[in-house]
>>> print(open('work_20.pdb').read())   # PDB, C-alpha atoms, pLDDT in the B column
ATOM      1  CA  MET A   1     126.504 147.939 137.184  1.00 77.00           C
ATOM      2  CA  LYS A   2     128.529 150.609 135.399  1.00 88.00           C
ATOM      3  CA  GLU A   3     127.389 153.069 132.785  1.00 92.00           C
ATOM      4  CA  TYR A   4     129.488 155.482 130.796  1.00 94.00           C
ATOM      5  CA  CYS A   5     128.392 159.073 130.336  1.00 94.00           C
ATOM      6  CA  VAL A   6     129.688 161.484 127.734  1.00 95.00           C
ATOM      7  CA  TYR A   7     129.407 165.120 128.777  1.00 94.00           C
ATOM      8  CA  TRP A   8     130.039 168.045 126.425  1.00 95.00           C
ATOM      9  CA  HIS A   9     129.051 171.616 125.625  1.00 94.00           C
ATOM     10  CA  GLU A  10     127.463 172.350 122.268  1.00 92.00           C
ATOM     11  CA  ARG A  11     127.151 176.038 121.394  1.00 91.00           C
ATOM     12  CA  GLY A  12     127.401 176.810 125.109  1.00 90.00           C
ATOM     13  CA  GLU A  13     124.660 174.368 126.171  1.00 93.00           C
ATOM     14  CA  PRO A  14     125.539 171.366 128.390  1.00 94.00           C
ATOM     15  CA  ARG A  15     124.663 167.975 126.878  1.00 94.00           C
ATOM     16  CA  HIS A  16     125.087 164.331 127.845  1.00 93.00           C
ATOM     17  CA  GLU A  17     124.553 160.833 126.500  1.00 94.00           C
ATOM     18  CA  VAL A  18     124.651 157.527 128.423  1.00 93.00           C
ATOM     19  CA  PHE A  19     126.163 154.250 127.165  1.00 94.00           C
ATOM     20  CA  SER A  20     126.392 150.765 128.681  1.00 92.00           C
ATOM     21  CA  ASP A  21     129.725 150.065 126.976  1.00 92.00           C
ATOM     22  CA  LEU A  22     132.950 152.071 127.360  1.00 94.00           C
ATOM     23  CA  SER A  23     134.031 151.568 123.745  1.00 95.00           C
ATOM     24  CA  GLU A  24     130.707 152.993 122.492  1.00 96.00           C
ATOM     25  CA  ALA A  25     131.099 156.035 124.751  1.00 95.00           C
ATOM     26  CA  GLU A  26     134.663 156.614 123.555  1.00 95.00           C
ATOM     27  CA  MET A  27     133.671 156.254 119.891  1.00 95.00           C
ATOM     28  CA  PHE A  28     130.811 158.726 120.367  1.00 95.00           C
ATOM     29  CA  SER A  29     133.107 161.206 122.127  1.00 95.00           C
ATOM     30  CA  CYS A  30     135.597 161.012 119.243  1.00 94.00           C
ATOM     31  CA  MET A  31     132.798 161.554 116.726  1.00 93.00           C
ATOM     32  CA  ILE A  32     131.388 164.675 118.390  1.00 94.00           C
ATOM     33  CA  ARG A  33     134.814 166.268 118.992  1.00 91.00           C
ATOM     34  CA  GLY A  34     134.956 167.089 115.280  1.00 86.00           C
ATOM     35  CA  LEU A  35     131.579 168.824 115.149  1.00 91.00           C
ATOM     36  CA  GLU A  36     131.313 172.590 114.939  1.00 92.00           C
ATOM     37  CA  GLY A  37     130.391 174.282 118.210  1.00 92.00           C
ATOM     38  CA  VAL A  38     131.382 171.306 120.397  1.00 94.00           C
ATOM     39  CA  GLU A  39     133.763 171.877 123.269  1.00 91.00           C
ATOM     40  CA  TYR A  40     134.744 170.219 126.547  1.00 91.00           C
ATOM     41  CA  VAL A  41     134.088 166.526 125.837  1.00 94.00           C
ATOM     42  CA  GLU A  42     134.504 164.141 128.777  1.00 94.00           C
ATOM     43  CA  VAL A  43     133.785 160.435 129.304  1.00 95.00           C
ATOM     44  CA  SER A  44     132.876 159.454 132.853  1.00 93.00           C
ATOM     45  CA  GLU A  45     132.342 156.017 134.431  1.00 93.00           C
ATOM     46  CA  GLU A  46     129.431 155.994 136.880  1.00 88.00           C
ATOM     47  CA  GLU A  47     127.310 153.552 138.827  1.00 85.00           C
ATOM     48  CA  SER A  48     123.947 153.006 137.185  1.00 79.00           C
ATOM     49  CA  ILE A  49     120.774 153.624 139.162  1.00 77.00           C
ATOM     50  CA  ASP A  50     119.171 150.534 140.654  1.00 78.00           C
ATOM     51  CA  PHE A  51     115.468 151.374 140.769  1.00 79.00           C
ATOM     52  CA  GLU A  52     114.647 148.292 142.822  1.00 82.00           C
ATOM     53  CA  GLU A  53     117.072 149.427 145.524  1.00 80.00           C
ATOM     54  CA  LEU A  54     115.634 152.943 145.392  1.00 78.00           C
ATOM     55  CA  SER A  55     112.089 151.626 145.770  1.00 84.00           C
ATOM     56  CA  GLU A  56     113.141 149.770 148.919  1.00 83.00           C
ATOM     57  CA  MET A  57     114.778 152.908 150.339  1.00 83.00           C
ATOM     58  CA  PHE A  58     111.889 155.234 149.378  1.00 84.00           C
ATOM     59  CA  PRO A  59     108.707 153.142 149.080  1.00 83.00           C
ATOM     60  CA  GLU A  60     106.469 156.236 149.234  1.00 85.00           C
ATOM     61  CA  ASP A  61     108.035 157.477 145.987  1.00 82.00           C
ATOM     62  CA  PHE A  62     107.508 154.153 144.173  1.00 79.00           C
ATOM     63  CA  PRO A  63     103.912 153.083 144.777  1.00 78.00           C
ATOM     64  CA  SER A  64     102.956 149.527 143.822  1.00 71.00           C
ATOM     65  CA  THR A  65     100.471 149.124 141.006  1.00 56.00           C
TER      66      THR A  65
END
>>> encode(input="work_20.pdb", output="structure tokens")
Amino acid sequence: MKEYCVYWHERGEPRHEVFSDLSEAEMFSCMIRGLEGVEYVEVSEEESIDFEELSEMFPEDFPST
């Protein structure tokens, strides 16, 4: 599954926000571009983390309850 991350710098500090829909990520990136102190805005498409797959790969890190 894909997720869309918006990365930006605000007053020199790195920030990010994650969206499940590309149009939401693009709308958010357009909104923050106009804010004071915001620079370097980027939208990135990434694979979301599958925790079930991770628990199979690293069972010691995901103990059963």
>>> residues_around(input="work_20.pdb", residues="Ser29 (chain A)", least_positions_apart="4", cutoff="10 Å", atoms="only C-alpha atoms", output="PDB file with C-alpha atoms, in the coordinates of the input")
ATOM      1  CA  CYS A   5     128.392 159.073 130.336  1.00 94.00           C
ATOM      2  CA  VAL A   6     129.688 161.484 127.734  1.00 95.00           C
ATOM      3  CA  TYR A   7     129.407 165.120 128.777  1.00 94.00           C
ATOM      4  CA  TRP A   8     130.039 168.045 126.425  1.00 95.00           C
ATOM      5  CA  GLU A  17     124.553 160.833 126.500  1.00 94.00           C
ATOM      6  CA  SER A  23     134.031 151.568 123.745  1.00 95.00           C
ATOM      7  CA  GLU A  24     130.707 152.993 122.492  1.00 96.00           C
ATOM      8  CA  ALA A  25     131.099 156.035 124.751  1.00 95.00           C
ATOM      9  CA  ARG A  33     134.814 166.268 118.992  1.00 91.00           C
ATOM     10  CA  GLY A  34     134.956 167.089 115.280  1.00 86.00           C
ATOM     11  CA  VAL A  41     134.088 166.526 125.837  1.00 94.00           C
ATOM     12  CA  GLU A  42     134.504 164.141 128.777  1.00 94.00           C
ATOM     13  CA  VAL A  43     133.785 160.435 129.304  1.00 95.00           C
TER      14      VAL A  43
END
>>> residues_around(input="work_20.pdb", residues="Ser48 (chain A)", least_positions_apart="6", cutoff="8 Å", atoms="all atoms listed in the file", output="ChimeraX atom specification")
/A:1-3
>>> write_last_selection(input="work_20.pdb", atoms="C-alpha atoms", output="JSON list (two decimals), in the coordinates of the input")
[["chain", "number", "residue", "atom", "x", "y", "z"],
["A", 1, "MET", "CA", 126.50, 147.94, 137.18],
["A", 2, "LYS", "CA", 128.53, 150.61, 135.40],
["A", 3, "GLU", "CA", 127.39, 153.07, 132.78]]
>>> atom_distance(input="work_20.pdb", atom1="CA of Asp50 (chain A)", atom2="CA of Phe62 (chain A)")
12.7 Å
>>> residues_around(input="work_20.pdb", residues="Gly12 (chain A)", least_positions_apart="4", cutoff="9 Å", atoms="all atoms listed in the file", output="VMD selection string")
chain A and resid 37 to 39
>>> axis_aligned_box(input="work_20.pdb", around="region 9-25 of chain A", padding_each_side="5 Å", output="AutoDock Vina command-line options")
--center_x 129.3 --center_y 163.4 --center_z 125.0 --size_x 19.5 --size_y 36.7 --size_z 17.3
>>> atom_distance(input="work_20.pdb", atom1="CA of Glu52 (chain A)", atom2="CA of Asp21 (chain A)")
21.9 Å
>>> atom_distance(input="work_20.pdb", atom1="CA of Glu53 (chain A)", atom2="CA of Phe19 (chain A)")
21.0 Å
